[in-house]
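**Student:** This one is model-v4.txt, compact mmCIF, C-alpha atoms.
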```
# COMPACT_ATOMS: atom_id res chain seq x y z
CA MET A 209 109.74 104.14 103.55
CA LYS A 210 109.40 100.64 102.18
CA PHE A 211 107.05 98.23 103.96
CA GLY A 212 109.50 96.60 106.35
CA THR A 213 110.75 99.97 107.51
CA LYS A 214 107.18 101.27 107.92
CA ALA A 215 106.23 98.24 110.00
CA ILE A 216 108.96 99.09 112.50
CA HIS A 217 109.08 102.89 112.43
CA ALA A 218 105.87 104.46 111.03
CA GLY A 219 103.86 106.40 113.60
CA VAL A 220 106.27 105.49 116.39
CA GLU A 221 108.58 107.97 118.13
CA PRO A 222 110.87 107.55 121.15
CA ASP A 223 109.16 108.51 124.41
CA PRO A 224 109.83 112.28 124.81
CA THR A 225 110.12 111.94 128.59
CA THR A 226 112.68 109.15 128.86
CA GLY A 227 113.81 108.37 125.32
CA ALA A 228 112.38 104.83 125.59
CA ILE A 229 112.48 103.29 122.11
CA MET A 230 109.29 101.31 122.71
CA THR A 231 105.97 103.16 122.91
CA PRO A 232 104.94 103.32 126.58
CA ILE A 233 101.74 101.69 127.78
CA TYR A 234 99.72 104.68 128.93
CA GLN A 235 97.64 102.77 131.45
CA THR A 236 95.41 105.66 132.38
CA SER A 237 91.72 106.42 132.08
CA THR A 238 91.99 110.21 132.27
CA TYR A 239 94.40 113.17 132.01
CA VAL A 240 94.95 116.19 134.24
CA GLN A 241 93.92 119.58 132.82
CA THR A 242 95.39 122.91 133.89
CA THR A 243 92.05 124.65 133.29
CA PRO A 244 88.77 123.42 131.78
CA GLY A 245 89.75 122.43 128.24
CA GLY A 246 93.43 123.06 128.97
CA HIS A 247 95.00 119.72 128.10
CA LYS A 248 97.73 118.25 125.91
CA GLY A 249 95.42 116.64 123.36
CA TYR A 250 94.17 113.93 125.70
CA GLU A 251 91.12 114.17 127.98
CA TYR A 252 89.74 110.67 128.42
CA SER A 253 91.07 107.32 127.20
CA ARG A 254 87.90 106.18 125.45
CA THR A 255 88.39 109.18 123.17
CA HIS A 256 92.19 109.15 122.83
CA ASN A 257 95.13 107.33 124.34
CA PRO A 258 98.78 107.91 123.32
CA THR A 259 99.52 104.18 122.91
CA ARG A 260 96.46 103.81 120.70
CA THR A 261 97.40 106.93 118.73
CA ALA A 262 100.79 105.43 117.87
CA LEU A 263 99.15 102.19 116.67
CA GLN A 264 96.50 104.02 114.65
CA ASN A 265 99.19 106.09 112.91
CA ASN A 266 101.22 102.97 112.22
CA LEU A 267 98.27 101.11 110.69
CA ALA A 268 97.35 104.11 108.53
CA ALA A 269 100.90 104.17 107.15
CA LEU A 270 100.90 100.43 106.40
CA GLU A 271 97.69 100.78 104.37
CA ASN A 272 98.87 103.98 102.63
CA GLY A 273 96.02 105.84 104.30
CA LYS A 274 95.69 109.09 106.26
CA HIS A 275 93.58 108.01 109.22
CA GLY A 276 93.61 104.86 111.35
CA LEU A 277 91.02 103.96 113.99
CA CYS A 278 91.26 101.01 116.37
CA PHE A 279 88.39 99.11 117.94
CA SER A 280 88.02 96.48 120.62
CA SER A 281 87.43 93.77 117.97
CA GLY A 282 87.05 93.32 114.23
CA LEU A 283 83.29 93.18 114.67
CA GLY A 284 83.48 96.42 116.66
CA ALA A 285 85.05 97.98 113.57
CA ILE A 286 82.35 96.54 111.26
CA ASP A 287 79.69 97.75 113.70
CA ALA A 288 81.03 101.30 113.37
CA ILE A 289 81.02 101.09 109.57
CA ILE A 290 77.39 99.97 109.37
CA LYS A 291 76.44 102.74 111.81
CA LEU A 292 77.37 105.19 109.03
CA LEU A 293 74.11 104.08 107.36
CA ASN A 294 70.45 104.92 107.95
CA PRO A 295 67.23 102.86 107.98
CA GLY A 296 66.24 102.11 104.39
CA ASP A 297 69.83 102.00 103.15
CA GLU A 298 71.03 98.87 101.37
CA VAL A 299 74.35 97.00 101.40
CA ILE A 300 75.74 94.66 98.76
CA SER A 301 78.01 92.09 100.37
CA THR A 302 79.89 89.10 99.07
CA ASN A 303 77.96 85.86 99.59
CA ASP A 304 81.07 84.14 100.96
CA LEU A 305 82.18 86.02 104.05
CA TYR A 306 83.11 85.56 107.67
CA GLY A 307 80.20 84.17 109.67
CA GLY A 308 80.45 86.91 112.27
CA SER A 309 79.99 89.55 109.60
CA TYR A 310 76.94 87.71 108.24
CA ARG A 311 75.55 87.45 111.77
CA ILE A 312 75.91 91.14 112.66
CA PHE A 313 74.42 92.13 109.29
CA THR A 314 71.39 89.83 109.47
CA LYS A 315 70.71 89.43 113.19
CA VAL A 316 71.50 92.96 114.37
CA PHE A 317 71.32 95.58 111.65
CA GLU A 318 68.47 94.17 109.56
CA ARG A 319 66.27 94.87 112.61
CA TYR A 320 67.04 98.56 112.16
CA GLY A 321 65.82 98.67 108.58
CA ILE A 322 69.11 98.17 106.72
CA LYS A 323 68.84 95.66 103.88
CA PHE A 324 71.67 93.33 102.88
CA HIS A 325 72.16 91.55 99.55
CA PHE A 326 74.61 88.64 99.58
CA VAL A 327 75.87 88.09 96.04
CA SER A 328 78.73 86.48 94.19
CA MET A 329 81.37 89.10 93.45
CA ASP A 330 83.36 87.05 90.93
CA ASN A 331 82.52 89.71 88.36
CA THR A 332 81.38 93.30 88.69
CA GLU A 333 78.37 92.83 86.39
CA ASN A 334 76.72 90.75 89.08
CA ILE A 335 77.31 93.50 91.64
CA ALA A 336 76.03 96.19 89.26
CA ALA A 337 72.78 94.25 88.78
CA HIS A 338 71.95 94.69 92.48
CA ILE A 339 72.65 98.43 92.72
CA ASN A 340 69.67 100.72 93.21
CA ALA A 341 68.98 104.20 94.58
CA ASN A 342 69.16 102.91 98.17
CA THR A 343 72.54 101.20 97.82
CA LYS A 344 75.00 102.98 100.11
CA LEU A 345 77.77 100.42 100.72
CA ILE A 346 79.54 97.60 98.90
CA TRP A 347 81.29 95.26 101.34
CA ALA A 348 83.93 92.81 100.14
CA GLU A 349 86.43 90.32 101.53
CA THR A 350 89.29 89.21 99.32
CA PRO A 351 90.43 86.52 99.65
CA THR A 352 87.10 85.48 101.12
CA ASN A 353 86.64 83.39 104.23
CA PRO A 354 86.83 80.42 103.85
CA MET A 355 86.56 79.76 100.09
CA MET A 356 89.48 82.06 99.14
CA ASN A 357 87.48 83.70 96.36
CA ILE A 358 89.19 86.68 94.76
CA ILE A 359 87.35 89.96 94.12
CA ASP A 360 88.71 92.57 91.71
CA ILE A 361 89.20 95.54 94.04
CA GLN A 362 90.01 97.99 91.25
CA ALA A 363 86.93 97.05 89.22
CA VAL A 364 84.58 97.21 92.22
CA GLY A 365 86.15 100.51 93.27
CA ASP A 366 85.47 101.98 89.83
CA LEU A 367 81.87 100.73 89.98
CA ALA A 368 81.32 102.18 93.46
CA LYS A 369 82.79 105.52 92.46
CA LYS A 370 80.58 105.67 89.35
CA HIS A 371 77.46 105.29 91.52
CA GLY A 372 78.65 107.35 94.49
CA ILE A 373 78.61 104.31 96.81
CA LEU A 374 80.94 103.71 99.74
CA PHE A 375 83.25 100.73 99.17
CA GLY A 376 84.78 98.81 102.07
CA VAL A 377 87.24 95.91 102.00
CA ASP A 378 87.96 93.44 104.78
CA ASN A 379 91.71 92.98 104.27
CA THR A 380 92.25 90.57 107.16
CA PHE A 381 93.41 87.56 105.13
CA ALA A 382 95.79 89.45 102.85
CA THR A 383 97.11 92.08 105.31
CA PRO A 384 98.69 95.31 104.03
CA PHE A 385 101.84 93.31 103.29
CA LEU A 386 100.09 91.54 100.40
CA GLN A 387 97.62 94.17 99.15
CA ASN A 388 96.51 97.75 99.77
CA PRO A 389 92.83 98.25 98.84
CA LEU A 390 92.91 102.05 99.31
CA ASP A 391 95.42 102.23 96.44
CA MET A 392 92.92 100.37 94.24
CA GLY A 393 89.81 102.43 94.88
CA ALA A 394 88.44 101.31 98.25
CA ASP A 395 87.12 104.04 100.55
CA LEU A 396 87.89 102.15 103.72
CA VAL A 397 89.89 99.12 104.76
CA MET A 398 88.97 97.02 107.77
CA HIS A 399 91.13 94.51 109.66
CA SER A 400 90.57 91.97 112.34
CA VAL A 401 93.83 92.99 114.01
CA THR A 402 93.43 89.85 116.13
CA LYS A 403 94.77 87.87 113.21
CA TYR A 404 97.96 88.55 111.20
CA LEU A 405 98.59 92.10 112.37
CA GLY A 406 98.80 91.06 116.02
CA GLY A 407 100.19 87.75 114.86
CA HIS A 408 100.65 86.02 118.21
CA SER A 409 97.12 84.92 119.23
CA ASP A 410 97.18 87.14 122.33
CA VAL A 411 95.03 90.16 121.37
CA VAL A 412 91.48 90.79 120.15
CA MET A 413 91.19 94.03 118.16
CA GLY A 414 89.85 95.63 114.98
CA ALA A 415 90.88 98.57 112.83
CA ILE A 416 89.68 100.81 110.01
CA VAL A 417 91.90 102.88 107.72
CA VAL A 418 90.57 105.65 105.44
CA ASN A 419 91.86 108.57 103.40
CA ASP A 420 88.82 110.86 103.42
CA ASP A 421 88.89 113.41 106.26
CA LYS A 422 85.09 113.62 106.61
CA LEU A 423 84.71 109.85 106.69
CA ALA A 424 87.43 109.63 109.33
CA GLU A 425 85.63 112.27 111.40
CA GLN A 426 82.34 110.34 111.20
CA LEU A 427 83.99 107.08 112.22
CA ALA A 428 85.91 108.73 115.06
CA PHE A 429 82.63 110.13 116.37
CA ILE A 430 81.09 106.63 116.34
CA GLN A 431 84.25 105.15 117.88
CA ASN A 432 84.03 107.59 120.80
CA ALA A 433 80.24 107.74 121.12
CA CYS A 434 79.70 103.96 121.06
CA GLY A 435 82.88 103.14 122.96
CA ALA A 436 84.20 99.95 121.32
CA THR A 437 87.82 101.00 121.89
CA PRO A 438 90.85 98.86 122.78
CA GLY A 439 92.98 99.28 125.89
CA PRO A 440 96.59 100.49 125.84
CA GLN A 441 98.08 97.10 126.77
CA ASP A 442 96.51 95.52 123.68
CA CYS A 443 97.68 98.42 121.51
CA PHE A 444 101.22 97.92 122.80
CA LEU A 445 101.11 94.21 121.97
CA VAL A 446 99.92 94.89 118.42
CA LEU A 447 102.62 97.52 117.88
CA ARG A 448 105.15 94.89 118.94
CA GLY A 449 103.58 92.26 116.68
CA ILE A 450 103.54 94.51 113.62
CA LYS A 451 107.31 95.00 113.82
CA THR A 452 107.74 91.47 112.46
CA LEU A 453 104.69 91.44 110.13
CA HIS A 454 106.74 91.48 106.91
CA ILE A 455 109.03 88.66 108.08
CA ARG A 456 106.13 86.56 109.33
CA MET A 457 104.09 87.04 106.17
CA GLU A 458 106.99 85.93 103.98
CA ARG A 459 107.14 82.65 105.91
CA HIS A 460 103.34 82.23 105.99
CA CYS A 461 103.35 82.57 102.18
CA GLN A 462 106.24 80.13 101.69
CA ASN A 463 104.69 77.51 103.96
CA GLY A 464 101.23 78.08 102.49
CA LYS A 465 102.50 77.38 98.99
CA THR A 466 104.16 74.14 100.08
CA ILE A 467 101.16 72.85 102.05
CA ALA A 468 98.69 73.77 99.28
CA ALA A 469 100.75 71.84 96.71
CA TYR A 470 100.99 68.84 99.05
CA LEU A 471 97.24 68.74 99.62
CA LYS A 472 96.46 69.15 95.92
CA ASN A 473 98.42 66.00 95.13
CA HIS A 474 96.99 63.90 97.98
CA PRO A 475 94.62 61.08 96.87
CA LYS A 476 92.17 61.63 99.76
CA VAL A 477 91.73 65.34 99.06
CA GLU A 478 89.05 66.42 96.58
CA LYS A 479 89.53 70.21 96.23
CA VAL A 480 92.07 72.71 97.51
CA TYR A 481 91.24 76.40 97.66
CA TRP A 482 94.35 78.61 97.56
CA PRO A 483 94.66 81.74 95.37
CA GLY A 484 98.17 80.89 94.19
CA PHE A 485 97.05 78.02 91.95
CA GLU A 486 96.77 78.99 88.29
CA ASP A 487 93.41 77.19 88.06
CA HIS A 488 92.00 78.98 91.13
CA PRO A 489 89.04 81.19 90.10
CA ASN A 490 90.24 84.74 89.37
CA HIS A 491 93.88 83.76 89.92
CA HIS A 492 94.86 86.37 87.34
CA ILE A 493 93.25 89.06 89.50
CA ALA A 494 94.98 87.76 92.62
CA LYS A 495 98.26 87.91 90.74
CA LYS A 496 97.55 91.51 89.74
CA GLN A 497 96.45 92.89 93.10
CA MET A 498 98.38 90.73 95.59
CA ARG A 499 102.14 90.53 96.13
CA ASP A 500 101.92 86.86 97.19
CA PHE A 501 99.12 84.45 98.03
CA GLY A 502 99.15 84.01 101.80
CA GLY A 503 98.96 81.15 104.25
CA MET A 504 95.19 80.52 104.33
CA ILE A 505 94.04 77.29 102.67
CA SER A 506 90.74 75.40 102.61
CA PHE A 507 90.26 71.86 101.32
CA THR A 508 87.55 69.21 101.04
CA LEU A 509 87.76 65.44 101.23
CA ILE A 510 86.83 62.70 98.80
CA GLY A 511 83.36 61.48 99.82
CA ASN A 512 82.53 64.69 101.70
CA LYS A 513 81.94 62.97 105.06
CA ILE A 514 81.83 65.20 108.12
CA GLU A 515 83.10 62.22 110.16
CA ASP A 516 86.31 62.17 108.10
CA ALA A 517 86.84 65.89 108.61
CA ILE A 518 86.38 65.51 112.37
CA THR A 519 88.81 62.59 112.48
CA ILE A 520 91.47 64.69 110.78
CA LEU A 521 90.85 67.72 113.00
CA GLU A 522 91.01 65.62 116.16
CA ASN A 523 94.31 64.03 115.14
CA LEU A 524 96.35 66.98 113.90
CA HIS A 525 99.09 67.96 116.32
CA TYR A 526 100.93 71.06 115.12
CA PHE A 527 97.74 72.39 113.53
CA ALA A 528 95.81 73.23 116.69
CA LEU A 529 92.00 72.96 116.45
CA ALA A 530 90.89 76.46 117.38
CA GLU A 531 88.92 79.48 116.24
CA SER A 532 90.86 82.36 114.66
CA LEU A 533 93.85 82.47 112.31
CA GLY A 534 96.97 84.42 111.48
CA GLY A 535 99.12 83.54 114.48
CA VAL A 536 102.67 82.24 114.27
CA GLU A 537 101.34 78.79 115.17
CA SER A 538 99.35 76.75 112.67
CA LEU A 539 95.62 76.37 113.29
CA CYS A 540 92.89 74.25 111.76
CA GLY A 541 89.15 74.67 111.85
CA HIS A 542 85.83 73.32 110.64
CA PRO A 543 83.94 76.35 109.26
CA ALA A 544 80.57 74.58 108.97
CA SER A 545 80.42 74.02 112.74
CA MET A 546 82.73 76.78 113.99
CA THR A 547 83.34 80.15 112.30
CA HIS A 548 80.39 79.87 109.88
CA ALA A 549 77.87 77.99 112.01
CA SER A 550 75.61 81.07 112.03
CA ILE A 551 75.13 80.78 108.24
CA PRO A 552 72.30 78.40 107.21
CA LYS A 553 73.49 75.12 105.68
CA GLU A 554 71.78 75.79 102.33
CA GLU A 555 73.49 79.19 102.10
CA ARG A 556 76.87 77.72 103.03
CA GLU A 557 76.68 74.97 100.46
CA LYS A 558 75.77 77.39 97.65
CA VAL A 559 79.33 78.74 97.81
CA GLY A 560 80.97 75.34 98.31
CA LEU A 561 81.26 75.41 102.10
CA VAL A 562 80.42 71.75 102.54
CA ASP A 563 80.58 69.59 105.66
CA SER A 564 84.03 68.12 104.93
CA LEU A 565 85.68 71.49 104.31
CA ILE A 566 88.67 72.15 106.56
CA ARG A 567 90.34 75.55 106.83
CA LEU A 568 94.03 75.83 107.63
CA SER A 569 95.93 78.84 108.89
CA VAL A 570 99.46 77.78 108.02
CA GLY A 571 101.90 79.11 110.58
CA ILE A 572 105.64 79.74 110.48
CA GLU A 573 106.86 76.39 111.84
CA ASP A 574 109.19 74.13 109.86
CA VAL A 575 107.11 73.14 106.85
CA ASP A 576 108.35 69.51 106.84
CA ASP A 577 106.85 69.03 110.31
CA LEU A 578 103.57 70.51 109.09
CA LYS A 579 103.46 68.16 106.11
CA LYS A 580 104.11 65.13 108.32
CA ASP A 581 101.35 66.27 110.66
CA ILE A 582 98.82 66.45 107.82
CA ALA A 583 100.00 63.15 106.32
CA ALA A 584 99.53 61.30 109.62
CA ALA A 585 96.02 62.65 110.09
CA LEU A 586 94.96 61.83 106.53
CA GLU A 587 96.16 58.27 106.99
CA LEU A 588 93.38 57.77 109.55
CA ILE A 589 90.49 58.15 107.09
```
Any chance you could put this one into C-alpha cells?
**Tutor:**
Amino acid sequence: MKFGTKAIHAGVEPDPTTGAIMTPIYQTSTYVQTTPGGHKGYEYSRTHNPTRTALQNNLAALENGKHGLCFSSGLGAIDAIIKLLNPGDEVISTNDLYGGSYRIFTKVFERYGIKFHFVSMDNTENIAAHINANTKLIWAETPTNPMMNIIDIQAVGDLAKKHGILFGVDNTFATPFLQNPLDMGADLVMHSVTKYLGGHSDVVMGAIVVNDDKLAEQLAFIQNACGATPGPQDCFLVLRGIKTLHIRMERHCQNGKTIAAYLKNHPKVEKVYWPGFEDHPNHHIAKKQMRDFGGMISFTLIGNKIEDAITILENLHYFALAESLGGVESLCGHPASMTHASIPKEEREKVGLVDSLIRLSVGIEDVDDLKKDIAAALELI
C-alpha cells in the first residue's frame, strides 16, 4: 500500500460483529473470561484494548515498523523509552529540543543516575566525540523544536549501530508522511500524537514504533507496568484524524512554503528558520531524507525585542496564541516563555532561541488570509 491507502486502511478491519466500517470504541475496563486465563486476547484495558490495538497497528504501518505502542502523552512515550536504561547509563541528546523533553531528562531522570549530554548534532563527528562506554541512547529530533535544525538520520544511525547504541528519533514535526526514521537506521520512532497525527487539537497522546521484537516486548512491559496508556475514545479520534493525514500534510507543506517565503522578504523580520530554504543549515540533508519541508516555521525580529514579539502574538487573529502545534488551525507561540521556558536562558540562546523568536504552526486555512494576518500584526511594531 502507498501512504494514503495505509493511512485509511492499515491495521483497520470492519467490526466482525456488525460490519461497522469504523473501529468501535471499546469503552470497557475489563473482559469476561470463560475460565481463568480463558479469554479472547484481552483481559484488562490498561494492558490491551481493541481500539488501541487498531491504532497501534496503523501507526506501525505508517512508520514501516512491526510494533506500535500508544501512550497517554508524548512525554509518557519518552518516559517509557528512558526507563529502558539503568543508573549510570548516559544519553546523548540534541541541544535544541522540545522543552518538555529537556525537563523530563534533567529534572526527573538525572535524579536516578542517568546522565544526559546536550550537544549539537549538525554533524556526526560531534556526536561521536561524546560517546563512551556508558552511552546507551542517542536521542534526536529532526527538524528540531523550535530552530528547525536538520539531523542526518542515516549517518547517526550508522554511528549508533557501530557502537551498539540505541538510536531514537522524535518524528513529531515531520510525521511519517514526510520521513520514516526506521528506514534510515533508527531503532525507535516516537511521536507526540497530539500534534499532526491527531491533527485536530482534541487529543493528547504519544506513540512509539519499533521493528525489534525484544525492544517491543520491553516497551510493552513498561507500558503496562507503569500504566501511561490512552483511553479508547482518544484512540478512536486519532484513527479518524490519521485518515486525512496525507491530505492535511500536503496543505501544511504548501502553506508553510508560502508563509516562509513571505516572512523571509519582510523588512521587519531578521531570520526565518524553515528547512526548505536552500541556505538553511543542512538543507541538503533535509532534501535527502524528507519528502517535503512541513508547516513549522520560526522567525526572529529586527532588534530582537521581546515587546515586539508579544505585540505580534497578541494581535494575530487566524494564528491563535496557544501551546501545541500540528492542528488544522494555525497556531503561534513564544518558545522562550512557553514551550521552552524550562530551559535556562543561556542554554536557549546558545542555539539561537532568542527572546523575539516566534514559532508558527501553519495550518490548512486559505494562505492569503494567513499572509494578511501576519502583515497586519507586523505593521504594529
**Student:** I'd like the interatomic distance between atom CA of Ile589 of chain A and atom CA of Asp516 of chain A, to a tenth of an Å.
**Tutor:**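 Result for atom CA of Ile589 of chain A versus atom CA of Asp516 of chain A: 5.9 Å, one decimal.
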**Student:** To one decimal place in Å, what is the distance between atom CA of Glu349 of chain A and atom CA of Gly535 of chain A?
**Tutor:**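 It comes out at 19.4 Å.
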**Student:** I want to know what sits within 7 Å of Cys278 of chain A, based on all atoms listed in the file, with residues of the same chain fewer than 5 positions away left out; could you give that as a PyMOL selection string?
**Tutor:** chain A and resi 264+414-416+437-438
**Student:** I want to know what sits within 8 Å of Gly449 of chain A, based on all atoms listed in the file, with residues of the same chain fewer than 5 positions away left out; could you give that as a count of residues only?
**Tutor:** 4
**Student:** Could you check which of A:Gly464, A:Cys540, A:Phe381, A:Arg254 is closest to Tyr306 of chain A, using only C-alpha atoms?
**Tutor:**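 So, comparing all the options, the nearest one is A:Phe381.
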**Student:** Could you tell me which of A:Leu305, A:Cys443, A:Leu292, A:Leu374 comes closest to Tyr234 of chain A if we count all atoms listed in the file?
**Tutor:**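 Nearest candidate to Tyr234 of chain A out of A:Leu305, A:Cys443, A:Leu292, A:Leu374: A:Cys443.
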**Student:** Box time for segment 413-428 of chain A: axis-aligned, enclosing all its listed atoms, 6 Å extra on each side; report centre and edge lengths in Å to one decimal, as lines of an AutoDock Vina configuration file.
**Tutor:**
```
center_x = 87.1
center_y = 103.8
center_z = 110.8
size_x = 21.6
size_y = 31.6
size_z = 26.8
```
**Student:** Report, in Å with one decimal, the straight-line distance from atom CA of Ser237 of chain A to atom CA of Leu447 of chain A.
**Tutor:** 20.0 Å
**Student:** Identify, on the basis of all atoms listed in the file, every residue whose closest approach to Glu271 of chain A does not exceed 6 Å; exclude the query and any residue fewer than 3 positions from it along the same chain; express the result as a list in words.
**Tutor:**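 Those residues are Ala268, Pro384 and Asn388 of chain A.
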